[in-house]
file model29.cif (mmCIF, C-alpha atoms and all ligand atoms)
data_query
loop_
_atom_site.label_atom_id
_atom_site.label_comp_id
_atom_site.auth_asym_id
_atom_site.auth_seq_id
_atom_site.Cartn_x
_atom_site.Cartn_y
_atom_site.Cartn_z
CA MET A 2 -28.06 -15.65 3.93
CA THR A 3 -25.31 -16.81 1.61
CA LYS A 4 -23.07 -14.18 0.02
CA ILE A 5 -20.96 -15.16 -2.97
CA ILE A 6 -18.43 -13.14 -4.97
CA TRP A 7 -18.50 -14.06 -8.65
CA MET A 8 -15.55 -13.29 -10.92
CA THR A 9 -14.78 -14.56 -14.40
CA ASP A 10 -12.21 -14.80 -17.16
CA PRO A 11 -8.99 -13.41 -15.64
CA HIS A 12 -6.90 -14.82 -18.55
CA PHE A 13 -3.96 -14.72 -16.15
CA GLN A 14 -0.44 -15.00 -17.58
CA ASN A 15 2.72 -15.26 -15.47
CA GLU A 16 4.38 -12.78 -17.83
CA GLY A 17 3.55 -10.55 -20.75
CA LEU A 18 0.36 -8.85 -21.85
CA VAL A 19 -2.95 -9.93 -23.39
CA ASP A 20 -3.09 -7.41 -26.23
CA ASP A 21 -2.23 -4.31 -24.21
CA LEU A 22 -3.53 -5.55 -20.86
CA ASN A 23 -1.52 -6.80 -17.89
CA PRO A 24 -3.84 -9.50 -16.46
CA ARG A 25 -1.83 -9.72 -13.22
CA THR A 26 -2.67 -6.11 -12.40
CA ARG A 27 -6.37 -6.71 -12.96
CA LEU A 28 -6.61 -9.87 -10.86
CA LYS A 29 -4.63 -8.25 -8.06
CA ALA A 30 -6.95 -5.23 -8.12
CA ALA A 31 -10.06 -7.42 -8.05
CA ILE A 32 -8.88 -9.49 -5.10
CA ALA A 33 -7.71 -6.40 -3.19
CA HIS A 34 -11.13 -4.76 -3.74
CA MET A 35 -12.93 -7.90 -2.66
CA ASN A 36 -10.76 -8.25 0.46
CA ALA A 37 -11.39 -4.61 1.37
CA HIS A 38 -15.15 -4.59 0.84
CA HIS A 39 -16.51 -8.14 0.77
CA ALA A 40 -14.38 -10.21 3.11
CA ASP A 41 -17.65 -11.19 4.79
CA ALA A 42 -18.69 -13.22 1.72
CA ASP A 43 -18.82 -16.98 2.13
CA PHE A 44 -16.65 -17.69 -0.90
CA MET A 45 -15.69 -16.59 -4.40
CA VAL A 46 -16.48 -18.47 -7.61
CA LEU A 47 -14.23 -17.96 -10.63
CA THR A 48 -16.03 -19.10 -13.79
CA GLY A 49 -13.17 -20.11 -16.03
CA ASP A 50 -10.54 -18.97 -18.52
CA LEU A 51 -8.05 -18.69 -15.72
CA VAL A 52 -4.79 -18.80 -17.71
CA GLY A 53 -2.98 -18.26 -20.99
CA ASP A 54 -0.74 -20.67 -22.90
CA ASP A 55 1.96 -21.39 -20.28
CA ILE A 56 -0.05 -23.99 -18.38
CA GLU A 57 2.56 -24.81 -15.75
CA GLY A 58 3.87 -21.31 -15.14
CA ASP A 59 0.49 -19.57 -15.32
CA TYR A 60 -1.28 -21.86 -12.85
CA ARG A 61 1.67 -21.83 -10.47
CA LEU A 62 1.72 -18.03 -10.22
CA LEU A 63 -2.09 -17.79 -10.35
CA ALA A 64 -2.28 -19.92 -7.21
CA THR A 65 -0.17 -17.39 -5.31
CA TYR A 66 -2.48 -14.54 -6.41
CA LEU A 67 -5.59 -16.48 -5.39
CA ALA A 68 -3.96 -17.27 -2.04
CA GLU A 69 -4.28 -13.55 -1.24
CA SER A 70 -8.07 -13.93 -1.10
CA LYS A 71 -9.47 -13.75 2.43
CA ILE A 72 -12.29 -16.09 1.45
CA PRO A 73 -12.20 -19.54 -0.20
CA VAL A 74 -12.00 -19.59 -4.00
CA TYR A 75 -13.81 -22.14 -6.17
CA PRO A 76 -12.32 -22.25 -9.69
CA LEU A 77 -14.06 -23.57 -12.83
CA VAL A 78 -12.53 -24.61 -16.14
CA GLY A 79 -13.13 -22.67 -19.35
CA ASN A 80 -11.95 -23.24 -22.88
CA ASN A 81 -8.58 -21.65 -22.00
CA ASP A 82 -7.96 -24.05 -19.12
CA ASP A 83 -6.26 -27.36 -18.44
CA ARG A 84 -7.60 -29.97 -16.03
CA ALA A 85 -4.14 -31.26 -15.11
CA GLY A 86 -3.06 -27.71 -14.34
CA PHE A 87 -6.06 -27.29 -12.05
CA ARG A 88 -5.33 -30.49 -10.17
CA ALA A 89 -1.62 -29.66 -9.83
CA HIS A 90 -1.93 -26.11 -8.56
CA LEU A 91 -5.44 -25.19 -7.37
CA THR A 92 -7.48 -26.22 -4.36
CA LEU A 93 -10.54 -28.28 -5.31
CA PRO A 94 -13.33 -29.70 -3.12
CA GLU A 95 -13.07 -33.34 -2.11
CA ASN A 96 -16.26 -34.17 -4.00
CA THR A 97 -14.75 -33.11 -7.36
CA MET A 98 -15.33 -35.71 -10.08
CA ASP A 99 -12.27 -37.80 -10.91
CA GLU A 100 -12.31 -37.11 -14.63
CA PHE A 101 -13.78 -33.59 -14.66
CA ILE A 102 -13.40 -30.39 -12.62
CA GLN A 103 -17.03 -30.57 -11.58
CA TYR A 104 -18.18 -30.34 -7.94
CA LYS A 105 -20.79 -29.03 -5.55
CA VAL A 106 -20.65 -26.59 -2.68
CA ASP A 107 -23.34 -26.82 -0.01
CA THR A 108 -24.54 -23.71 1.80
CA PRO A 109 -27.41 -23.36 4.28
CA ASP A 110 -29.42 -21.57 1.59
CA ALA A 111 -28.59 -23.40 -1.60
CA THR A 112 -26.77 -26.10 -3.48
CA ILE A 113 -24.06 -24.55 -5.68
CA LEU A 114 -23.08 -26.70 -8.66
CA CYS A 115 -19.82 -25.79 -10.42
CA LEU A 116 -19.75 -27.45 -13.84
CA ASP A 117 -17.00 -28.46 -16.24
CA THR A 118 -17.90 -27.48 -19.82
CA HIS A 119 -14.37 -27.80 -21.18
CA MET A 120 -13.90 -29.57 -24.55
CA VAL A 121 -10.24 -30.42 -25.14
CA GLY A 122 -8.90 -28.63 -28.20
CA SER A 123 -11.96 -26.45 -28.73
CA HIS A 124 -13.15 -22.98 -27.77
CA ALA A 125 -16.72 -24.28 -27.79
CA GLY A 126 -17.96 -26.25 -24.80
CA GLN A 127 -19.12 -29.78 -24.13
CA PHE A 128 -21.28 -31.44 -21.49
CA CYS A 129 -20.95 -35.17 -22.03
CA ALA A 130 -23.00 -38.07 -20.67
CA ALA A 131 -20.80 -38.54 -17.60
CA ARG A 132 -21.12 -34.89 -16.61
CA GLN A 133 -24.87 -34.94 -17.33
CA GLU A 134 -25.29 -38.01 -15.14
CA TRP A 135 -23.47 -36.30 -12.27
CA LEU A 136 -25.63 -33.20 -12.64
CA ALA A 137 -28.86 -35.21 -12.71
CA ALA A 138 -27.83 -36.91 -9.49
CA HIS A 139 -27.24 -33.56 -7.79
CA LEU A 140 -30.57 -31.90 -8.60
CA GLY A 141 -32.69 -32.00 -5.48
CA ASP A 142 -35.08 -30.03 -3.32
CA MET A 143 -32.71 -27.24 -2.27
CA PRO A 144 -32.58 -24.06 -4.34
CA THR A 145 -29.89 -24.93 -6.88
CA TYR A 146 -27.57 -22.50 -8.62
CA VAL A 147 -25.30 -23.50 -11.49
CA PHE A 148 -21.99 -21.83 -12.33
CA MET A 149 -20.51 -22.73 -15.72
CA HIS A 150 -18.17 -21.28 -18.33
CA HIS A 151 -19.99 -21.78 -21.66
CA PRO A 152 -23.53 -20.52 -22.28
CA PRO A 153 -25.84 -23.39 -23.32
CA MET A 154 -27.71 -21.13 -25.76
CA ASP A 155 -27.28 -18.27 -28.20
CA LEU A 156 -27.06 -14.84 -26.58
CA HIS A 157 -27.36 -12.88 -29.83
CA LEU A 158 -23.68 -12.08 -29.41
CA SER A 159 -22.30 -12.93 -32.84
CA PRO A 160 -19.65 -14.23 -33.37
CA GLN A 161 -19.46 -15.47 -29.77
CA ASP A 162 -22.55 -17.65 -30.22
CA GLU A 163 -20.37 -19.92 -32.42
CA ILE A 164 -18.40 -21.07 -29.37
CA LYS A 165 -21.21 -21.80 -26.94
CA LEU A 166 -21.90 -25.19 -25.34
CA ALA A 167 -22.13 -27.57 -28.30
CA ASP A 168 -24.74 -29.82 -26.71
CA GLY A 169 -26.69 -27.04 -25.04
CA ASP A 170 -30.16 -28.40 -25.78
CA ALA A 171 -29.48 -31.65 -23.91
CA PHE A 172 -28.17 -29.62 -20.99
CA LEU A 173 -31.28 -27.42 -20.97
CA ASP A 174 -33.55 -30.47 -21.11
CA LEU A 175 -31.73 -31.85 -18.09
CA ILE A 176 -32.02 -28.76 -15.88
CA ALA A 177 -35.61 -27.90 -16.84
CA ASN A 178 -37.14 -28.47 -13.43
CA GLY A 179 -34.18 -28.45 -11.10
CA VAL A 180 -32.06 -25.31 -11.46
CA ASP A 181 -32.97 -21.85 -10.18
CA HIS A 182 -30.32 -19.66 -11.86
CA LEU A 183 -27.38 -19.99 -14.25
CA PHE A 184 -24.21 -17.93 -13.79
CA ILE A 185 -22.14 -18.06 -16.97
CA GLY A 186 -18.63 -16.89 -17.94
CA HIS A 187 -16.98 -16.91 -21.37
CA VAL A 188 -18.64 -13.99 -23.18
CA HIS A 189 -16.81 -11.09 -21.47
CA ARG A 190 -20.02 -9.02 -21.56
CA PRO A 191 -22.87 -8.55 -19.09
CA THR A 192 -26.19 -10.04 -20.21
CA CYS A 193 -29.18 -11.39 -18.35
CA GLY A 194 -32.50 -12.96 -19.20
CA THR A 195 -34.25 -16.29 -19.06
CA ILE A 196 -33.77 -19.51 -20.96
CA ARG A 197 -36.74 -21.87 -20.86
CA GLY A 198 -37.89 -19.95 -17.81
CA ILE A 199 -34.58 -20.20 -15.94
CA PRO A 200 -32.87 -16.88 -15.19
CA PHE A 201 -29.27 -16.46 -16.30
CA ALA A 202 -26.55 -13.84 -16.11
CA THR A 203 -23.13 -13.26 -17.62
CA LEU A 204 -20.44 -10.81 -16.51
CA ARG A 205 -17.69 -8.63 -17.80
CA ALA A 206 -14.31 -10.35 -17.56
CA LEU A 207 -11.65 -9.42 -15.03
CA SER A 208 -9.41 -9.03 -18.09
CA PHE A 209 -10.43 -7.60 -21.50
CA GLN A 210 -14.02 -6.99 -22.62
CA ALA A 211 -15.65 -8.27 -25.80
CA PRO A 212 -17.15 -5.60 -28.04
CA PRO A 213 -20.92 -5.46 -28.57
CA PRO A 214 -22.15 -7.45 -31.59
CA GLN A 215 -22.90 -4.25 -33.51
CA PRO A 216 -21.08 -3.01 -35.47
CA PRO A 217 -20.23 -6.53 -36.67
CA TRP A 218 -16.77 -7.99 -35.92
CA ASP A 219 -15.01 -11.28 -36.38
CA TRP A 220 -12.32 -13.15 -34.44
CA SER A 221 -9.52 -12.25 -36.86
CA GLY A 222 -10.20 -8.57 -36.24
CA PHE A 223 -10.89 -8.81 -32.50
CA VAL A 224 -10.26 -5.54 -30.68
CA PRO A 225 -11.26 -5.42 -26.98
CA ALA A 226 -13.87 -2.86 -25.96
CA LYS A 227 -12.49 -0.03 -23.83
CA GLU A 228 -14.75 -0.86 -20.91
CA ALA A 229 -13.83 -1.30 -17.26
CA PRO A 230 -14.09 -4.76 -15.71
CA HIS A 231 -16.42 -5.69 -12.88
CA TYR A 232 -17.31 -8.61 -10.64
CA GLY A 233 -20.58 -9.82 -9.19
CA VAL A 234 -21.79 -9.81 -5.60
CA LEU A 235 -24.56 -12.36 -5.04
CA TYR A 236 -26.92 -12.56 -2.10
CA ILE A 237 -28.97 -15.76 -1.79
CA GLU A 238 -31.69 -16.06 0.82
CA ASN A 239 -35.06 -17.81 0.98
CA GLY A 240 -34.78 -18.85 -2.65
CA ASN A 241 -34.17 -15.27 -3.78
CA VAL A 242 -31.09 -14.01 -5.59
CA THR A 243 -29.65 -10.51 -5.96
CA LEU A 244 -26.73 -9.82 -8.30
CA GLN A 245 -24.83 -6.55 -7.95
CA HIS A 246 -22.31 -5.58 -10.63
CA THR A 247 -19.34 -4.14 -8.78
CA ASP A 248 -16.69 -2.02 -10.45
CA PHE A 249 -13.28 -2.53 -8.87
CA CYS A 250 -10.95 -0.47 -11.06
CA GLU A 251 -10.83 1.86 -14.04
CA TYR A 252 -10.45 0.63 -17.61
CA GLU A 253 -6.93 2.07 -17.63
CA THR A 254 -5.83 -0.11 -14.71
CA GLY A 255 -3.40 -2.64 -16.18
CA ILE A 256 -3.35 -1.11 -19.67
CA GLU A 257 0.29 -0.99 -20.79
CA ARG A 258 1.60 -0.07 -24.17
FE FE B 301 -12.50 -15.85 -21.73
#
call {"tool": "encode", "arguments": {"input": "model29.cif", "output": "structure tokens", "more": "lines below"}}
Ligand SMILES: [Fe+2]
result
Amino acid sequence: MTKIIWMTDPHFQNEGLVDDLNPRTRLKAAIAHMNAHHADADFMVLTGDLVGDDIEGDYRLLATYLAESKIPVYPLVGNNDDRAGFRAHLTLPENTMDEFIQYKVDTPDATILCLDTHMVGSHAGQFCAARQEWLAAHLGDMPTYVFMHHPPMDLHLSPQDEIKLADGDAFLDLIANGVDHLFIGHVHRPTCGTIRGIPFATLRALSFQAPPPQPPWDWSGFVPAKEAPHYGVLYIENGNVTLQHTDFCEYETGIER
């Protein structure tokens, strides 16, 4: 059996708040909870939006927080990330692509593919020909699970659907017969379902939560939902997957005014 801890969107800053949230408190609480209860997991995957605007300072301090994890951490890039910052401060597998933060992790039960959907200068995502080619070459006979930041399809989460993977259809064509589950960050809300027959899931963020699409809201009036964060605990065995949503702190944890 392979056990994976899945966390997403810490929006870590080396100082200050994100709205009224201290993202350092949240990440610390998540890692402490994981260390206390799931240190037997094989590794943790962090599906993007790791930092704020201070690329150098945020990644440098983030690395010290992640170093507290008792299990290896595999980080992905989101729209709020920087590839140079990743390479300078975070530990990446040797098989990581030269140009992109895209790599695979082999387990006895599955091939884990961690994708790079970052588009420089955009909140939407991109999966270009080079990244597609790499992915095509890594689809094989093993059960294959993809972790990625941007959803390749609409989730009926307006206005978040505007910033999905821009070339999602090409991505979905590519994975049609070779991927067994998608694990997606970015939307700061839990959803699950299937896309072209492939199961997918999203999570709450470690940081702030996006409000539900009703009543309608727009980015200029964004107010986080007062919901507690969670992370995912995944069990993979014999081609089967279980995802458990795991609360690790109260909503109030890290709220400062
Ligand atoms: Fe995010």
call {"tool": "atom_distance", "arguments": {"input": "model29.cif", "atom1": "CA of Leu51 (chain A)", "atom2": "CA of Met35 (chain A)"}}
result
17.6 Å
call {"tool": "closest_residue", "arguments": {"input": "model29.cif", "among": "A:Met143, A:Ile113, A:Cys250, A:Val19", "to": "ligand FE 301 (chain B)", "atoms": "only C-alpha atoms and all ligand atoms"}}
result
A:Val19
call {"tool": "residues_near_ligand", "arguments": {"input": "model29.cif", "ligand": "ligand FE 301 (chain B)", "cutoff": "10 Å", "atoms": "only C-alpha atoms and all ligand atoms", "output": "mmCIF file with C-alpha atoms, in the coordinates of the input"}}
result
data_model
loop_
_atom_site.group_PDB
_atom_site.id
_atom_site.type_symbol
_atom_site.label_atom_id
_atom_site.label_comp_id
_atom_site.auth_asym_id
_atom_site.auth_seq_id
_atom_site.Cartn_x
_atom_site.Cartn_y
_atom_site.Cartn_z
ATOM 1 C CA THR A 9 -14.780 -14.560 -14.400
ATOM 2 C CA ASP A 10 -12.210 -14.800 -17.160
ATOM 3 C CA PRO A 11 -8.990 -13.410 -15.640
ATOM 4 C CA HIS A 12 -6.900 -14.820 -18.550
ATOM 5 C CA THR A 48 -16.030 -19.100 -13.790
ATOM 6 C CA GLY A 49 -13.170 -20.110 -16.030
ATOM 7 C CA ASP A 50 -10.540 -18.970 -18.520
ATOM 8 C CA LEU A 51 -8.050 -18.690 -15.720
ATOM 9 C CA VAL A 52 -4.790 -18.800 -17.710
ATOM 10 C CA GLY A 53 -2.980 -18.260 -20.990
ATOM 11 C CA GLY A 79 -13.130 -22.670 -19.350
ATOM 12 C CA ASN A 80 -11.950 -23.240 -22.880
ATOM 13 C CA ASN A 81 -8.580 -21.650 -22.000
ATOM 14 C CA ASP A 82 -7.960 -24.050 -19.120
ATOM 15 C CA HIS A 124 -13.150 -22.980 -27.770
ATOM 16 C CA HIS A 150 -18.170 -21.280 -18.330
ATOM 17 C CA HIS A 151 -19.990 -21.780 -21.660
ATOM 18 C CA GLY A 186 -18.630 -16.890 -17.940
ATOM 19 C CA HIS A 187 -16.980 -16.910 -21.370
ATOM 20 C CA VAL A 188 -18.640 -13.990 -23.180
ATOM 21 C CA HIS A 189 -16.810 -11.090 -21.470
ATOM 22 C CA ARG A 205 -17.690 -8.630 -17.800
ATOM 23 C CA ALA A 206 -14.310 -10.350 -17.560
ATOM 24 C CA LEU A 207 -11.650 -9.420 -15.030
ATOM 25 C CA SER A 208 -9.410 -9.030 -18.090
ATOM 26 C CA PHE A 209 -10.430 -7.600 -21.500
ATOM 27 C CA GLN A 210 -14.020 -6.990 -22.620
ATOM 28 C CA ALA A 211 -15.650 -8.270 -25.800
#
call {"tool": "residues_around", "arguments": {"input": "model29.cif", "residues": "region 87-93 of chain A", "least_positions_apart": "5", "cutoff": "9 Å", "atoms": "all atoms listed in the file", "output": "list of chain:residue names"}}
result
A:Glu57, A:Tyr60, A:Arg61, A:Leu63, A:Ala64, A:Leu67, A:Val74, A:Tyr75, A:Pro76, A:Leu77, A:Val78, A:Asp82, A:Ile102, A:Tyr104
call {"tool": "closest_residue", "arguments": {"input": "model29.cif", "among": "A:Ala37, A:Leu140, A:Ile5, A:Leu18", "to": "Phe184 (chain A)", "atoms": "all atoms listed in the file"}}
result
A:Ile5
call {"tool": "closest_residue", "arguments": {"input": "model29.cif", "among": "A:Glu69, A:Glu134, A:Asp248, A:Asp99", "to": "Ala229 (chain A)", "atoms": "all atoms listed in the file"}}
result
A:Asp248
call {"tool": "closest_residue", "arguments": {"input": "model29.cif", "among": "A:Ile6, A:Ile72, A:Met149, A:Leu114", "to": "Thr243 (chain A)", "atoms": "all atoms listed in the file"}}
result
A:Ile6
call {"tool": "closest_residue", "arguments": {"input": "model29.cif", "among": "A:Arg27, A:His34, A:Lys165, A:Arg197", "to": "Phe249 (chain A)", "atoms": "only C-alpha atoms"}}
result
A:His34
call {"tool": "atom_distance", "arguments": {"input": "model29.cif", "atom1": "CA of Ala125 (chain A)", "atom2": "CA of Ala167 (chain A)"}}
result
6.4 Å
call {"tool": "atom_distance", "arguments": {"input": "model29.cif", "atom1": "CA of Met120 (chain A)", "atom2": "CA of Asp168 (chain A)"}}
result
11.1 Å
call {"tool": "residues_around", "arguments": {"input": "model29.cif", "residues": "Pro214 (chain A)", "least_positions_apart": "6", "cutoff": "10 Å", "atoms": "only C-alpha atoms", "output": "ChimeraX atom specification"}}
result
/A:157-161
call {"tool": "write_last_selection", "arguments": {"input": "model29.cif", "atoms": "C-alpha atoms", "output": "PDB file, keeping the file's coordinate frame"}}
result
ATOM      1  CA  HIS A 157     -27.360 -12.880 -29.830  1.00  0.00           C
ATOM      2  CA  LEU A 158     -23.680 -12.080 -29.410  1.00  0.00           C
ATOM      3  CA  SER A 159     -22.300 -12.930 -32.840  1.00  0.00           C
ATOM      4  CA  PRO A 160     -19.650 -14.230 -33.370  1.00  0.00           C
ATOM      5  CA  GLN A 161     -19.460 -15.470 -29.770  1.00  0.00           C
TER       6      GLN A 161
END
call {"tool": "closest_residue", "arguments": {"input": "model29.cif", "among": "A:Pro230, A:Leu62, A:Glu100, A:Asn241", "to": "Pro200 (chain A)", "atoms": "only C-alpha atoms"}}
result
A:Asn241
call {"tool": "residues_near_point", "arguments": {"input": "model29.cif", "point": "(-18.4, -9.9, -10.2)", "cutoff": "7 Å", "atoms": "only C-alpha atoms", "output": "ChimeraX atom specification"}}
result
/A:6-8,204,231-234,246-247
call {"tool": "residues_around", "arguments": {"input": "model29.cif", "residues": "Gln133 (chain A)", "least_positions_apart": "3", "cutoff": "9 Å", "atoms": "only C-alpha atoms", "output": "list in words"}}
result
Phe128, Cys129, Ala130, Leu136, Ala137, Ala138, Ala171, Phe172 and Leu175 of chain A
call {"tool": "residues_around", "arguments": {"input": "model29.cif", "residues": "Cys193 (chain A)", "least_positions_apart": "2", "cutoff": "9 Å", "atoms": "all atoms listed in the file", "output": "number ranges by chain"}}
result
A: 191, 195, 200-204
call {"tool": "write_last_selection", "arguments": {"input": "model29.cif", "atoms": "C-alpha atoms", "output": "mmCIF file, in the frame of the given file"}}
result
data_model
loop_
_atom_site.group_PDB
_atom_site.id
_atom_site.type_symbol
_atom_site.label_atom_id
_atom_site.label_comp_id
_atom_site.auth_asym_id
_atom_site.auth_seq_id
_atom_site.Cartn_x
_atom_site.Cartn_y
_atom_site.Cartn_z
ATOM 1 C CA PRO A 191 -22.870 -8.550 -19.090
ATOM 2 C CA THR A 195 -34.250 -16.290 -19.060
ATOM 3 C CA PRO A 200 -32.870 -16.880 -15.190
ATOM 4 C CA PHE A 201 -29.270 -16.460 -16.300
ATOM 5 C CA ALA A 202 -26.550 -13.840 -16.110
ATOM 6 C CA THR A 203 -23.130 -13.260 -17.620
ATOM 7 C CA LEU A 204 -20.440 -10.810 -16.510
#
call {"tool": "residues_near_point", "arguments": {"input": "model29.cif", "point": "(-25.8, -16.8, 1.1)", "cutoff": "10 Å", "atoms": "only C-alpha atoms", "output": "PyMOL selection string"}}
result
chain A and resi 2-5+42-44+108-111+235-242
call {"tool": "decode", "arguments": {"input": "model29.cif", "residues": "region 44-63 of chain A", "atoms": "N, CA, C and O atoms", "output": "mmCIF file, in the first residue's frame"}}
result
data_model
loop_
_atom_site.group_PDB
_atom_site.id
_atom_site.type_symbol
_atom_site.label_atom_id
_atom_site.label_comp_id
_atom_site.auth_asym_id
_atom_site.auth_seq_id
_atom_site.Cartn_x
_atom_site.Cartn_y
_atom_site.Cartn_z
ATOM 1 N N PHE A 44 5.002 9.886 1.544
ATOM 2 C CA PHE A 44 5.445 11.246 1.245
ATOM 3 C C PHE A 44 4.248 12.179 1.208
ATOM 4 O O PHE A 44 3.092 11.733 1.281
ATOM 5 N N MET A 45 4.541 13.470 1.116
ATOM 6 C CA MET A 45 3.497 14.495 1.008
ATOM 7 C C MET A 45 3.642 15.188 -0.352
ATOM 8 O O MET A 45 4.772 15.406 -0.808
ATOM 9 N N VAL A 46 2.510 15.484 -0.980
ATOM 10 C CA VAL A 46 2.513 16.256 -2.225
ATOM 11 C C VAL A 46 1.818 17.580 -1.951
ATOM 12 O O VAL A 46 0.752 17.620 -1.326
ATOM 13 N N LEU A 47 2.431 18.658 -2.413
ATOM 14 C CA LEU A 47 1.933 20.011 -2.159
ATOM 15 C C LEU A 47 1.623 20.632 -3.519
ATOM 16 O O LEU A 47 2.531 20.979 -4.274
ATOM 17 N N THR A 48 0.307 20.743 -3.845
ATOM 18 C CA THR A 48 -0.071 21.065 -5.220
ATOM 19 C C THR A 48 -0.166 22.564 -5.533
ATOM 20 O O THR A 48 -1.139 23.039 -6.116
ATOM 21 N N GLY A 49 0.877 23.298 -5.182
ATOM 22 C CA GLY A 49 1.050 24.621 -5.750
ATOM 23 C C GLY A 49 0.516 25.800 -4.967
ATOM 24 O O GLY A 49 -0.122 25.669 -3.941
ATOM 25 N N ASP A 50 0.826 27.001 -5.480
ATOM 26 C CA ASP A 50 0.597 28.267 -4.795
ATOM 27 C C ASP A 50 1.270 28.236 -3.423
ATOM 28 O O ASP A 50 0.636 28.390 -2.381
ATOM 29 N N LEU A 51 2.584 28.074 -3.492
ATOM 30 C CA LEU A 51 3.354 27.923 -2.264
ATOM 31 C C LEU A 51 3.658 29.255 -1.600
ATOM 32 O O LEU A 51 3.833 29.304 -0.389
ATOM 33 N N VAL A 52 3.776 30.341 -2.370
ATOM 34 C CA VAL A 52 4.300 31.594 -1.801
ATOM 35 C C VAL A 52 3.474 32.809 -2.202
ATOM 36 O O VAL A 52 2.532 32.721 -3.004
ATOM 37 N N GLY A 53 3.894 33.948 -1.654
ATOM 38 C CA GLY A 53 3.316 35.242 -2.015
ATOM 39 C C GLY A 53 4.217 35.979 -2.992
ATOM 40 O O GLY A 53 4.793 35.361 -3.893
ATOM 41 N N ASP A 54 4.395 37.293 -2.787
ATOM 42 C CA ASP A 54 5.116 38.104 -3.775
ATOM 43 C C ASP A 54 6.623 38.194 -3.546
ATOM 44 O O ASP A 54 7.369 38.543 -4.448
ATOM 45 N N ASP A 55 7.079 37.905 -2.325
ATOM 46 C CA ASP A 55 8.518 38.002 -2.025
ATOM 47 C C ASP A 55 9.171 36.654 -2.360
ATOM 48 O O ASP A 55 9.390 35.807 -1.486
ATOM 49 N N ILE A 56 9.474 36.474 -3.633
ATOM 50 C CA ILE A 56 9.933 35.170 -4.119
ATOM 51 C C ILE A 56 11.106 34.646 -3.288
ATOM 52 O O ILE A 56 11.066 33.532 -2.753
ATOM 53 N N GLU A 57 12.133 35.442 -3.165
ATOM 54 C CA GLU A 57 13.350 34.994 -2.481
ATOM 55 C C GLU A 57 13.084 34.706 -0.997
ATOM 56 O O GLU A 57 13.393 33.624 -0.497
ATOM 57 N N GLY A 58 12.506 35.677 -0.335
ATOM 58 C CA GLY A 58 12.290 35.543 1.108
ATOM 59 C C GLY A 58 11.250 34.484 1.442
ATOM 60 O O GLY A 58 11.400 33.740 2.424
ATOM 61 N N ASP A 59 10.197 34.402 0.643
ATOM 62 C CA ASP A 59 9.135 33.425 0.929
ATOM 63 C C ASP A 59 9.636 31.995 0.755
ATOM 64 O O ASP A 59 9.415 31.140 1.610
ATOM 65 N N TYR A 60 10.319 31.726 -0.361
ATOM 66 C CA TYR A 60 10.800 30.344 -0.566
ATOM 67 C C TYR A 60 11.854 29.964 0.463
ATOM 68 O O TYR A 60 11.916 28.817 0.908
ATOM 69 N N ARG A 61 12.709 30.934 0.819
ATOM 70 C CA ARG A 61 13.764 30.616 1.783
ATOM 71 C C ARG A 61 13.162 30.182 3.120
ATOM 72 O O ARG A 61 13.549 29.162 3.695
ATOM 73 N N LEU A 62 12.179 30.954 3.617
ATOM 74 C CA LEU A 62 11.585 30.577 4.905
ATOM 75 C C LEU A 62 10.679 29.350 4.748
ATOM 76 O O LEU A 62 10.633 28.488 5.636
ATOM 77 N N LEU A 63 9.973 29.256 3.620
ATOM 78 C CA LEU A 63 9.124 28.081 3.378
ATOM 79 C C LEU A 63 9.938 26.788 3.502
ATOM 80 O O LEU A 63 9.478 25.806 4.094
#
